[in-house]
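Listing of coords13.txt; format and content: compact mmCIF, C-alpha atoms.
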# COMPACT_ATOMS: atom_id res chain seq x y z
CA MET G 1 -7.53 54.63 -19.69
CA GLU G 2 -10.65 52.58 -19.92
CA ASP G 3 -8.79 49.69 -21.59
CA ALA G 4 -6.36 49.50 -18.67
CA ARG G 5 -9.09 48.79 -16.13
CA ILE G 6 -9.13 45.19 -15.00
CA ASN G 7 -12.90 45.00 -14.70
CA THR G 8 -13.74 45.82 -18.31
CA THR G 9 -16.47 43.70 -19.85
CA GLU G 10 -14.06 41.88 -22.18
CA GLU G 11 -11.61 41.03 -19.42
CA TRP G 12 -14.35 39.93 -17.05
CA LYS G 13 -15.75 37.53 -19.67
CA TYR G 14 -12.23 36.21 -20.27
CA MET G 15 -11.70 35.61 -16.54
CA GLN G 16 -15.03 33.77 -16.33
CA GLN G 17 -14.01 31.52 -19.21
CA VAL G 18 -10.63 30.83 -17.61
CA CYS G 19 -12.21 30.01 -14.26
CA GLU G 20 -14.49 27.49 -15.94
CA GLN G 21 -11.36 25.60 -17.03
CA LEU G 22 -9.74 25.54 -13.60
CA CYS G 23 -9.95 22.71 -11.11
CA PHE G 24 -8.36 21.53 -7.89
CA GLY G 25 -5.32 19.31 -8.18
CA ILE G 26 -2.57 17.70 -6.11
CA TYR G 27 1.06 18.76 -6.06
CA GLU G 28 3.75 16.40 -4.75
CA LEU G 29 6.79 17.75 -2.93
CA ARG G 30 9.77 15.49 -2.27
CA CYS G 31 12.47 16.35 0.23
CA LEU G 32 14.92 14.73 2.62
CA ALA G 33 14.90 15.02 6.40
CA ASP G 34 18.15 15.54 8.28
CA ASN G 35 18.34 11.81 9.02
CA GLY G 36 18.16 10.96 5.31
CA GLU G 37 14.54 9.88 5.37
CA GLN G 38 12.54 10.63 2.25
CA VAL G 39 9.51 12.81 2.95
CA LEU G 40 6.59 13.13 0.52
CA ARG G 41 4.07 15.89 1.16
CA TYR G 42 1.03 16.69 -0.94
CA PHE G 43 -0.65 20.08 -1.41
CA ILE G 44 -3.95 21.13 -2.93
CA VAL G 45 -3.53 23.61 -5.78
CA ILE G 46 -5.72 25.23 -8.41
CA LYS G 47 -4.59 24.39 -11.93
CA ASP G 48 -5.81 24.67 -15.51
CA GLU G 49 -6.54 21.92 -18.00
CA ASN G 50 -2.86 21.84 -19.02
CA GLY G 51 -1.71 21.22 -15.47
CA LEU G 52 -0.36 24.74 -14.98
CA ILE G 53 -0.70 25.86 -11.36
CA TRP G 54 -2.65 29.10 -10.96
CA LYS G 55 -2.84 29.25 -7.19
CA TRP G 56 -1.50 27.47 -4.12
CA THR G 57 -3.92 26.84 -1.27
CA ARG G 58 -3.69 25.93 2.43
CA LEU G 59 -6.52 23.41 2.11
CA ALA G 60 -4.27 20.35 2.52
CA GLN G 61 -3.61 21.28 6.14
CA TYR G 62 -7.31 20.85 6.91
CA ALA G 63 -7.32 17.40 5.33
CA ASP G 64 -4.17 16.11 6.94
CA THR G 65 -5.03 15.87 10.63
CA ARG G 66 -7.27 17.10 13.38
CA THR G 67 -6.72 20.77 14.18
CA GLY G 68 -4.42 21.24 17.15
CA ILE G 69 -2.95 17.74 17.04
CA VAL G 70 0.69 17.22 16.12
CA SER G 71 1.20 15.07 13.04
CA SER G 72 4.42 13.43 11.88
CA ILE G 73 5.78 15.06 8.74
CA THR G 74 6.95 11.67 7.51
CA ARG G 75 3.42 10.28 7.41
CA SER G 76 2.01 10.43 3.89
CA ASN G 77 -1.10 12.57 3.53
CA TYR G 78 -1.82 11.60 -0.07
CA LYS G 79 -4.95 9.52 0.45
CA LYS G 80 -6.67 12.18 2.56
CA VAL G 81 -5.71 14.98 0.16
CA ARG G 82 -7.07 12.94 -2.75
CA TYR G 83 -10.45 12.41 -1.06
CA VAL G 84 -10.77 16.13 -0.29
CA THR G 85 -9.68 17.21 -3.77
CA GLN G 86 -12.35 15.01 -5.35
CA MET G 87 -15.01 16.56 -3.13
CA LEU G 88 -13.86 20.12 -3.89
CA ASN G 89 -13.93 19.47 -7.63
CA TYR G 90 -17.47 18.11 -7.30
CA PHE G 91 -18.66 21.25 -5.52
CA PHE G 92 -16.69 23.96 -7.35
CA CYS G 93 -15.75 22.54 -10.76
CA GLY G 94 -18.18 19.76 -11.68
CA PRO G 95 -20.10 20.77 -14.81
CA ASP G 96 -22.93 18.32 -14.14
CA THR G 97 -23.22 18.62 -10.38
CA PRO G 98 -26.61 19.82 -9.09
CA HIS G 99 -24.83 21.53 -6.19
CA ARG G 100 -22.38 23.79 -7.98
CA ILE G 101 -21.13 26.42 -5.52
CA HIS G 102 -18.82 29.43 -5.69
CA ARG G 103 -17.82 29.83 -2.04
CA PHE G 104 -17.42 27.66 1.04
CA SER G 105 -20.30 29.39 2.80
CA GLN G 106 -22.67 27.60 0.41
CA ILE G 107 -21.73 24.13 1.68
CA THR G 108 -24.66 22.55 3.53
CA TYR G 109 -25.24 19.22 5.24
CA GLU G 110 -27.58 18.16 2.44
CA LYS G 111 -24.98 18.95 -0.23
CA ILE G 112 -22.30 16.97 1.61
CA THR G 113 -24.70 14.02 1.92
CA ASP G 114 -25.50 14.15 -1.78
CA TYR G 115 -21.78 14.17 -2.60
CA PHE G 116 -21.19 11.04 -0.55
CA GLU G 117 -24.11 9.36 -2.35
CA HIS G 118 -22.60 10.47 -5.67
CA TYR G 119 -19.18 9.08 -4.66
CA ALA G 120 -20.65 5.71 -3.68
CA LYS G 121 -22.77 5.34 -6.81
CA THR G 122 -20.31 6.60 -9.45
CA PRO G 123 -17.66 4.27 -10.89
CA SER G 124 -14.05 5.31 -10.37
CA GLU G 125 -12.49 7.01 -13.40
CA ARG G 126 -9.27 5.10 -12.72
CA THR G 127 -10.64 1.55 -12.39
CA GLY G 128 -14.12 1.80 -13.90
CA ARG G 129 -15.53 0.00 -10.85
CA TYR G 130 -17.77 1.15 -8.05
CA ARG G 131 -15.99 2.05 -4.81
CA THR G 132 -15.91 -0.54 -2.06
CA GLN G 133 -17.58 0.00 1.29
CA LEU G 134 -14.17 0.62 2.86
CA GLN G 135 -13.30 3.31 0.31
CA VAL G 136 -16.65 5.04 0.81
CA SER G 137 -16.21 4.95 4.60
CA GLU G 138 -12.69 6.41 4.35
CA CYS G 139 -13.95 9.17 2.05
CA ILE G 140 -16.78 10.07 4.43
CA LEU G 141 -14.51 10.18 7.48
CA THR G 142 -11.81 12.25 5.75
CA CYS G 143 -14.18 14.79 4.19
CA THR G 144 -16.22 15.14 7.38
CA GLN G 145 -13.05 15.88 9.34
CA PHE G 146 -12.00 18.36 6.62
CA VAL G 147 -15.25 20.31 6.96
CA ASP G 148 -14.97 20.17 10.76
CA ASN G 149 -11.44 21.60 10.59
CA LEU G 150 -12.66 24.45 8.40
CA LEU G 151 -15.28 25.30 11.02
CA LYS G 152 -12.70 25.16 13.83
CA ASP G 153 -10.54 27.65 11.95
CA GLY G 154 -13.39 30.15 11.76
CA ILE G 155 -14.30 29.61 8.11
CA LYS G 156 -18.02 30.20 7.64
CA LEU G 157 -20.06 27.34 6.22
CA ALA G 158 -23.78 26.68 6.07
CA VAL G 159 -23.35 23.47 8.07
CA LYS G 160 -23.08 23.10 11.84
CA LYS G 161 -20.56 20.95 13.69
CA LYS G 162 -23.35 19.10 15.50
CA GLU G 163 -24.71 18.03 12.11
CA LEU G 164 -21.42 16.37 11.16
CA TRP G 165 -21.00 13.89 14.01
CA LYS G 166 -23.04 11.48 16.09
CA LYS G 167 -22.38 9.22 19.08
CA GLU G 168 -22.60 5.48 18.69
CA GLU G 169 -21.99 2.62 21.08
CA LYS G 170 -19.93 -0.29 19.88
CA LEU G 171 -18.38 -3.44 21.30
CA GLU G 172 -14.61 -3.49 21.50
CA ARG G 173 -12.41 -6.44 22.36
CA GLN G 174 -10.95 -6.04 25.83
CA GLY G 175 -7.43 -7.02 26.84
CA GLY G 176 -6.73 -8.91 23.63
CA GLN G 177 -9.18 -11.65 24.64
CA ILE G 178 -11.31 -13.20 21.92
CA HIS G 179 -14.58 -13.42 23.86
CA SER G 180 -14.19 -10.45 26.22
CA TYR G 181 -15.85 -7.22 25.08
CA GLN G 182 -16.72 -3.86 26.56
CA LYS G 183 -19.04 -1.11 25.36
CA LYS G 184 -17.44 2.11 24.18
CA THR G 185 -18.96 5.31 22.83
CA ALA G 186 -17.44 6.40 19.54
CA THR G 187 -17.88 9.62 17.59
CA ILE G 188 -18.57 8.82 13.94
CA PRO G 189 -19.71 10.84 10.88
CA ASN G 190 -23.44 11.52 10.89
CA PHE G 191 -24.05 10.34 7.32
CA HIS G 192 -25.85 7.24 6.12
CA VAL G 193 -24.88 6.27 2.58
CA THR G 194 -25.92 3.17 0.68
CA CYS G 195 -22.87 1.63 -0.91
CA PHE G 196 -23.48 0.72 -4.54
CA SER G 197 -20.37 -1.38 -5.02
CA GLU G 198 -20.60 -4.68 -6.81
CA ASP G 199 -20.34 -7.90 -4.84
CA LYS G 200 -16.76 -7.99 -3.70
CA GLN G 201 -14.82 -10.86 -5.20
CA PRO G 202 -12.56 -12.64 -2.72
CA ILE G 203 -8.91 -11.73 -3.19
CA PHE G 204 -7.05 -14.52 -4.93
CA ARG G 205 -4.00 -15.06 -2.75
CA ASP G 206 -3.72 -18.77 -1.97
CA ILE G 207 -0.37 -20.23 -3.03
CA PRO G 208 -0.01 -23.96 -2.32
CA ASN G 209 3.49 -25.15 -1.45
CA LYS G 210 3.98 -26.85 -4.81
CA ILE G 211 3.15 -23.64 -6.61
CA LEU G 212 5.50 -21.61 -4.43
CA GLN G 213 8.31 -24.05 -5.24
CA ARG G 214 7.68 -23.62 -8.94
CA MET G 215 7.54 -19.83 -8.62
CA PHE G 216 10.92 -19.63 -6.94
CA ARG G 217 12.51 -21.99 -9.43
CA LEU G 218 11.28 -19.89 -12.33
CA ALA G 219 12.40 -16.67 -10.62
CA PHE G 220 15.89 -18.07 -10.03
CA ARG G 221 16.15 -19.08 -13.68
CA TYR G 222 14.48 -16.23 -15.56
CA MET G 223 14.02 -13.25 -13.23
CA PRO G 224 16.67 -13.41 -10.47
CA HIS G 225 15.99 -9.82 -9.38
CA LEU G 226 12.67 -11.11 -7.98
CA VAL G 227 14.21 -13.75 -5.71
CA MET G 228 15.05 -11.42 -2.80
CA PRO G 229 11.75 -9.45 -2.63
CA MET G 230 9.83 -12.72 -2.94
CA ALA G 231 11.89 -14.20 -0.09
CA LEU G 232 11.27 -11.12 2.06
CA GLY G 233 7.53 -11.61 1.58
CA ALA G 234 7.42 -15.39 1.94
CA PHE G 235 10.02 -15.90 4.70
CA ALA G 236 9.91 -12.58 6.59
CA GLY G 237 6.30 -11.52 5.98
CA LEU G 238 7.18 -8.06 4.66
CA ARG G 239 4.67 -6.12 2.59
CA PRO G 240 5.69 -5.33 -1.04
CA GLY G 241 6.39 -1.67 -0.23
CA GLU G 242 8.51 -2.69 2.75
CA CYS G 243 10.51 -5.18 0.66
CA CYS G 244 11.61 -2.30 -1.56
CA GLN G 245 12.73 -0.23 1.45
CA VAL G 246 15.37 -2.63 2.82
CA GLN G 247 19.03 -1.66 2.61
CA GLN G 248 22.04 -3.96 2.64
CA GLU G 249 23.67 -5.18 5.83
CA PHE G 250 26.85 -3.08 5.62
CA VAL G 251 24.83 0.16 5.96
CA GLY G 252 22.59 -1.15 8.73
CA GLY G 253 19.60 -2.23 6.65
CA PHE G 254 19.51 -5.46 8.61
CA GLN G 255 21.59 -7.29 11.17
CA CYS G 256 22.58 -10.96 11.33
CA GLN G 257 23.37 -12.60 14.65
CA TYR G 258 25.36 -15.82 14.84
CA VAL G 259 25.69 -18.33 17.66
CA ALA G 260 28.46 -20.94 17.36
CA GLY G 261 28.81 -20.07 13.69
CA LYS G 262 25.13 -20.64 12.96
CA LEU G 263 22.69 -17.90 11.99
CA HIS G 264 20.59 -17.18 15.05
CA ALA G 265 18.55 -14.11 14.02
CA VAL G 266 18.02 -11.64 11.18
CA THR G 267 16.51 -8.26 12.07
CA PHE G 268 15.42 -5.72 9.45
CA ASP G 269 15.42 -2.00 10.18
CA LEU G 270 12.02 -0.72 9.08
CA THR G 271 12.01 2.36 11.30
CA ARG G 272 11.98 4.98 8.52
CA ASN G 273 11.35 5.44 4.81
CA ARG G 274 14.60 5.90 2.95
CA GLN G 275 15.57 7.46 -0.35
CA LEU G 276 17.24 4.60 -2.19
CA ARG G 277 17.63 6.01 -5.70
CA GLY G 278 19.76 8.75 -7.18
CA ASP G 279 16.84 10.03 -9.27
CA GLY G 280 14.79 10.65 -6.09
CA VAL G 281 11.98 8.27 -7.09
CA SER G 282 10.25 6.76 -4.08
CA THR G 283 10.73 2.98 -3.96
CA GLY G 284 8.08 2.10 -1.38
CA SER G 285 6.71 2.88 2.04
CA ILE G 286 6.66 1.21 5.44
CA LYS G 287 3.16 0.72 6.80
CA ARG G 288 4.22 0.15 10.39
CA ARG G 289 7.66 1.30 11.48
CA ARG G 290 9.50 -1.33 13.45
CA LYS G 291 12.45 -3.69 13.80
CA GLN G 292 11.30 -6.91 12.16
CA LYS G 293 12.83 -10.36 12.67
CA VAL G 294 12.78 -13.28 10.26
CA TYR G 295 10.73 -16.19 11.55
CA PRO G 296 13.21 -18.70 13.09
CA GLY G 297 11.90 -21.58 11.00
CA PHE G 298 13.01 -19.78 7.83
CA LEU G 299 16.48 -18.65 8.95
CA GLU G 300 18.41 -21.35 7.12
CA PRO G 301 16.78 -20.90 3.70
CA PHE G 302 16.85 -17.13 4.11
CA GLN G 303 20.59 -17.24 4.77
CA ARG G 304 21.10 -19.10 1.52
CA ILE G 305 19.03 -16.56 -0.38
CA LEU G 306 21.11 -13.75 1.15
CA GLN G 307 24.19 -15.48 -0.25
CA PHE G 308 22.49 -15.70 -3.61
CA GLN G 309 21.58 -12.01 -3.51
CA LYS G 310 25.12 -11.02 -2.58
CA ARG G 311 26.45 -12.72 -5.70
CA TYR G 312 23.70 -11.16 -7.78
CA LEU G 313 24.52 -7.66 -6.51
CA GLU G 314 28.24 -8.21 -7.17
CA GLN G 315 27.47 -9.01 -10.80
CA ILE G 316 24.68 -6.51 -11.49
CA GLY G 317 26.01 -3.66 -9.34
CA PHE G 318 24.09 -1.06 -7.33
CA GLU G 319 24.24 2.58 -6.26
CA PRO G 320 26.71 2.36 -3.32
CA GLU G 321 25.56 5.60 -1.68
CA PHE G 322 22.08 4.07 -1.20
CA ALA G 323 22.97 0.35 -0.94
CA PRO G 324 19.52 -1.09 -1.71
CA LEU G 325 19.04 -4.79 -1.09
CA VAL G 326 16.31 -5.18 -3.73
CA VAL G 327 17.34 -3.94 -7.19
CA ASN G 328 16.10 -4.29 -10.74
CA SER G 329 18.11 -5.78 -13.60
CA ARG G 330 19.97 -2.44 -13.98
CA GLY G 331 21.14 -2.39 -10.37
CA VAL G 332 18.78 0.45 -9.36
CA ALA G 333 16.55 0.12 -6.31
CA MET G 334 13.28 -1.50 -7.34
CA THR G 335 10.04 0.41 -6.81
CA THR G 336 6.88 -1.19 -5.46
CA ALA G 337 5.16 -0.67 -8.82
CA ALA G 338 8.07 -2.28 -10.69
CA TYR G 339 8.07 -5.20 -8.26
CA SER G 340 4.35 -5.76 -8.78
CA SER G 341 4.74 -5.52 -12.56
CA ALA G 342 7.68 -7.94 -12.61
CA PHE G 343 5.78 -10.35 -10.37
CA GLN G 344 2.86 -10.30 -12.82
CA LYS G 345 5.27 -11.06 -15.63
CA LEU G 346 6.66 -14.02 -13.68
CA VAL G 347 3.13 -15.36 -13.18
CA GLU G 348 1.79 -14.74 -16.68
CA VAL G 349 4.85 -15.42 -18.85
CA TYR G 350 6.56 -18.22 -16.94
CA LEU G 351 4.43 -19.73 -14.15
CA ARG G 352 1.05 -20.04 -15.84
CA PRO G 353 2.31 -21.68 -19.07
CA SER G 354 4.48 -23.99 -16.99
CA LEU G 355 1.50 -25.15 -14.95
CA LEU G 356 -0.82 -25.56 -17.93
CA GLN G 357 1.74 -27.82 -19.61
CA ASP G 358 2.36 -29.88 -16.47
CA GLU G 359 1.27 -33.52 -16.41
CA ASP G 360 -0.07 -33.14 -12.86
CA PRO G 361 -3.84 -32.35 -12.99
CA TYR G 362 -3.50 -30.36 -9.75
CA MET G 363 -0.92 -28.05 -11.33
CA GLN G 364 -3.04 -27.71 -14.47
CA GLN G 365 -6.06 -26.74 -12.40
CA TYR G 366 -4.12 -23.98 -10.64
CA GLY G 367 -2.88 -22.76 -14.02
CA GLN G 368 -6.51 -22.50 -15.12
CA MET G 369 -7.27 -20.48 -12.00
CA LEU G 370 -4.51 -18.05 -12.96
CA LEU G 371 -6.32 -17.43 -16.25
CA GLU G 372 -9.29 -16.07 -14.31
CA ASN G 373 -7.60 -14.51 -11.28
CA LYS G 374 -4.77 -12.05 -10.73
CA LEU G 375 -2.05 -13.10 -8.31
CA GLY G 376 -0.04 -10.28 -6.71
CA PRO G 377 3.10 -10.22 -4.54
CA HIS G 378 1.01 -9.65 -1.40
CA ALA G 379 0.00 -13.32 -1.70
CA LEU G 380 3.49 -14.23 -0.45
CA ARG G 381 2.73 -12.53 2.86
CA HIS G 382 -0.47 -14.58 3.02
CA TRP G 383 1.54 -17.78 2.48
CA PHE G 384 3.89 -16.68 5.25
CA SER G 385 0.97 -16.15 7.65
CA VAL G 386 -0.55 -19.54 6.86
CA ALA G 387 2.82 -21.28 7.30
CA LEU G 388 3.24 -19.77 10.77
CA VAL G 389 -0.27 -20.70 11.88
CA LEU G 390 0.21 -24.29 10.73
CA ASP G 391 3.50 -24.28 12.63
CA GLY G 392 1.59 -23.60 15.87
CA VAL G 393 2.11 -19.85 16.23
CA ASN G 394 -0.58 -18.07 18.30
CA ALA G 395 -2.29 -14.80 17.37
CA THR G 396 -0.01 -12.56 19.44
CA LEU G 397 3.17 -14.01 17.97
CA LEU G 398 1.70 -13.95 14.47
CA GLN G 399 0.91 -10.26 14.93
CA TYR G 400 4.57 -9.66 15.84
CA TYR G 401 6.01 -11.51 12.85
CA ARG G 402 3.50 -9.95 10.46
CA GLY G 403 4.26 -6.48 11.75
CA ASP G 404 0.59 -5.60 12.27
CA ARG G 405 -0.53 -2.64 14.37
CA ASP G 406 -3.46 -4.55 15.86
CA ILE G 407 -4.24 -8.19 16.36
CA GLU G 408 -7.42 -8.39 14.28
CA SER G 409 -5.70 -9.61 11.10
CA SER G 410 -3.91 -12.34 13.02
CA TYR G 411 -7.17 -13.57 14.61
CA VAL G 412 -8.58 -14.15 11.12
CA TYR G 413 -5.87 -16.72 10.43
CA VAL G 414 -5.84 -18.33 13.87
CA THR G 415 -9.62 -18.72 14.14
CA ASN G 416 -9.74 -20.38 10.70
CA LYS G 417 -6.88 -22.76 11.32
CA SER G 418 -8.99 -25.90 10.74
CA GLU G 419 -9.93 -24.61 7.29
CA LEU G 420 -6.30 -23.82 6.49
CA VAL G 421 -5.23 -27.34 7.40
CA LYS G 422 -7.54 -28.67 4.68
CA GLN G 423 -5.91 -26.49 2.02
CA TYR G 424 -2.25 -26.40 2.99
CA GLN G 425 0.48 -28.79 3.99
CA LYS G 426 2.66 -27.92 6.94
CA THR G 427 5.79 -26.18 5.69
CA THR G 428 8.87 -28.32 6.13
CA ALA G 429 12.56 -27.67 5.79
CA GLY G 430 12.64 -30.22 2.97
CA MET G 431 10.09 -28.23 0.99
CA VAL G 432 12.15 -25.05 1.33
CA ASP G 433 15.30 -26.93 0.33
CA GLU G 434 13.55 -27.98 -2.86
CA ILE G 435 12.78 -24.34 -3.59
CA LEU G 436 16.44 -23.40 -3.29
CA LYS G 437 18.11 -26.25 -5.18
CA GLU G 438 17.79 -24.73 -8.60
CA GLY G 439 18.62 -21.25 -7.32
CA VAL G 440 21.92 -22.31 -5.81
CA TYR G 441 22.81 -24.05 -9.04
CA TYR G 442 22.11 -20.99 -11.16
CA ALA G 443 23.86 -18.71 -8.68
CA GLY G 444 26.99 -20.79 -9.13
CA LYS G 445 26.68 -20.82 -12.93
CA GLU G 446 25.93 -17.06 -12.97
CA LEU G 447 23.21 -17.49 -15.56
CA TYR G 448 21.49 -14.17 -14.96
CA SER G 449 19.14 -13.03 -17.68
CA ALA G 450 18.65 -9.34 -18.51
CA GLU G 451 14.95 -9.34 -17.77
Let's see the structure in the file written out as structure tokens.
Amino acid sequence: MEDARINTTEEWKYMQQVCEQLCFGIYELRCLADNGEQVLRYFIVIKDENGLIWKWTRLAQYADTRTGIVSSITRSNYKKVRYVTQMLNYFFCGPDTPHRIHRFSQITYEKITDYFEHYAKTPSERTGRYRTQLQVSECILTCTQFVDNLLKDGIKLAVKKKELWKKEEKLERQGGQIHSYQKKTATIPNFHVTCFSEDKQPIFRDIPNKILQRMFRLAFRYMPHLVMPMALGAFAGLRPGECCQVQQEFVGGFQCQYVAGKLHAVTFDLTRNRQLRGDGVSTGSIKRRRKQKVYPGFLEPFQRILQFQKRYLEQIGFEPEFAPLVVNSRGVAMTTAAYSSAFQKLVEVYLRPSLLQDEDPYMQQYGQMLLENKLGPHALRHWFSVALVLDGVNATLLQYYRGDRDIESSYVYVTNKSELVKQYQKTTAGMVDEILKEGVYYAGKELYSAE
């Protein structure tokens, strides 16, 4: 029957209309490895405007790593998949793109270049701001490698491998020395794009000691579930996502060592991402897997905060099969997003009004600064870094306590030590004791609010 044929005029028009409504999207798959580690993998799919998946693709494997190189399954591939998906939608699904294509063989070097220019000069739909130079560079590198991987797998494109890359000499620090460099030849993407981002505002992250004292006091009183993650950032230098990945001591989340009855060391196990919630929601991620020690100068106050947290967990409760150290007011492991949101509430609802009403002009001035700038939990790690530098720690040791992969970030602090001295006081045990006074009092009174 003629009507049963799939290539009838009516059906072909319908298929064309449907295809116009399809686009590339990202699908998240959550699973657990044999060792209990939570694994998140992301795939590129074709879906309709309602989010219904029409087709699964193998395209994510070309975005994830270099062809022929083993990649850890526990390493998140989300950022790379997102960059590639945006490029594919520009080429195949963008209604206004001047380079609309229907097959990969139509991809040329000129079209890829134009896409990168479009990416750099178009505000992000999520933030409404132009992409930074770092974001544009990451996009170029990821998408160039994606196209290269397609070519390596025998997929025909109208672009040559030699067009994608170029050699460039650069100076690289040698042997960890500040003034010792050697020339190295690097292979980089062969694209020159003018970044159209606005002038980058400096990140507001400076927390003077007086302000940190006030923050902890307010957290102890009004939002006690923030005390532990804040302490992990300020006294152990952990990143927000890493704070939300720590388990309690009785399941091996960290170890305390005592000498003559006195706390000698605290070591956190940050060697793998764990599933810490019964609903399977990811709480955070570890940027650099490691065993991380608390800085010795903060052992005493950190021990007191651990005692505070133990009492808090006994009252609030937690999921014993996961034993998270950082929980929300319902006793469920706190996510990085929830931590950031709660921290903003602490700043905006409690800290800022407190400072604006203070009689000290210095405190009032900082309160005014909080009206114009956003302060996030990552600022606690910055305070930690400054405290160590002012305590005489060198770049190598700072790199260790910060948990950085390379030493560049530490050099920024060490080489600007004279400027830091002008802005900060040296952290003293007395200052930390002041932070904890009110917390110990409220821990004893068990005045926990249901924030």
>> Which residue is closest to Arg405 of chain G? Choose from G:Lys287, G:Phe302, G:Phe318, G:Ser329 and count all atoms listed in the file.
In response: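 The answer is G:Lys287, which sits nearest to Arg405 of chain G.
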> Leaving out Gln364 of chain G and any residue of its chain fewer than 6 positions from it, which residues lie within 12 Å of it when counting only C-alpha atoms, given as an NGL selection string?
Replying inline: :G and (210-211 or 351-358 or 370-371)
Could those selected residues go to a file with C-alpha atoms, as a PDB file, in the coordinates of the input?
ATOM      1  CA  LYS G 210       3.980 -26.850  -4.810  1.00  0.00           C
ATOM      2  CA  ILE G 211       3.150 -23.640  -6.610  1.00  0.00           C
ATOM      3  CA  LEU G 351       4.430 -19.730 -14.150  1.00  0.00           C
ATOM      4  CA  ARG G 352       1.050 -20.040 -15.840  1.00  0.00           C
ATOM      5  CA  PRO G 353       2.310 -21.680 -19.070  1.00  0.00           C
ATOM      6  CA  SER G 354       4.480 -23.990 -16.990  1.00  0.00           C
ATOM      7  CA  LEU G 355       1.500 -25.150 -14.950  1.00  0.00           C
ATOM      8  CA  LEU G 356      -0.820 -25.560 -17.930  1.00  0.00           C
ATOM      9  CA  GLN G 357       1.740 -27.820 -19.610  1.00  0.00           C
ATOM     10  CA  ASP G 358       2.360 -29.880 -16.470  1.00  0.00           C
ATOM     11  CA  LEU G 370      -4.510 -18.050 -12.960  1.00  0.00           C
ATOM     12  CA  LEU G 371      -6.320 -17.430 -16.250  1.00  0.00           C
TER      13      LEU G 371
END
>> For Thr113 of chain G, find every residue with an atom within 9 Å (counting only C-alpha atoms), except residues of its own chain fewer than 6 positions away, and show them as a list in words.
In response: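 Using only C-alpha atoms, the neighbours found are Phe191, His192 and Val193 of chain G.
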> Which is closest to Asn89 of chain G among G:Gln255, G:Ser137, G:Gln21, G:Ser341, if we use all atoms listed in the file?
Replying inline: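 Of G:Gln255, G:Ser137, G:Gln21, G:Ser341, the one nearest Asn89 of chain G, counting all atoms listed in the file, is G:Gln21.
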> So which one's closest to Leu375 of chain G, G:Ala236, G:Val326, G:Ile107, G:Ile207? Using only C-alpha atoms, please.
Replying inline: G:Ile207
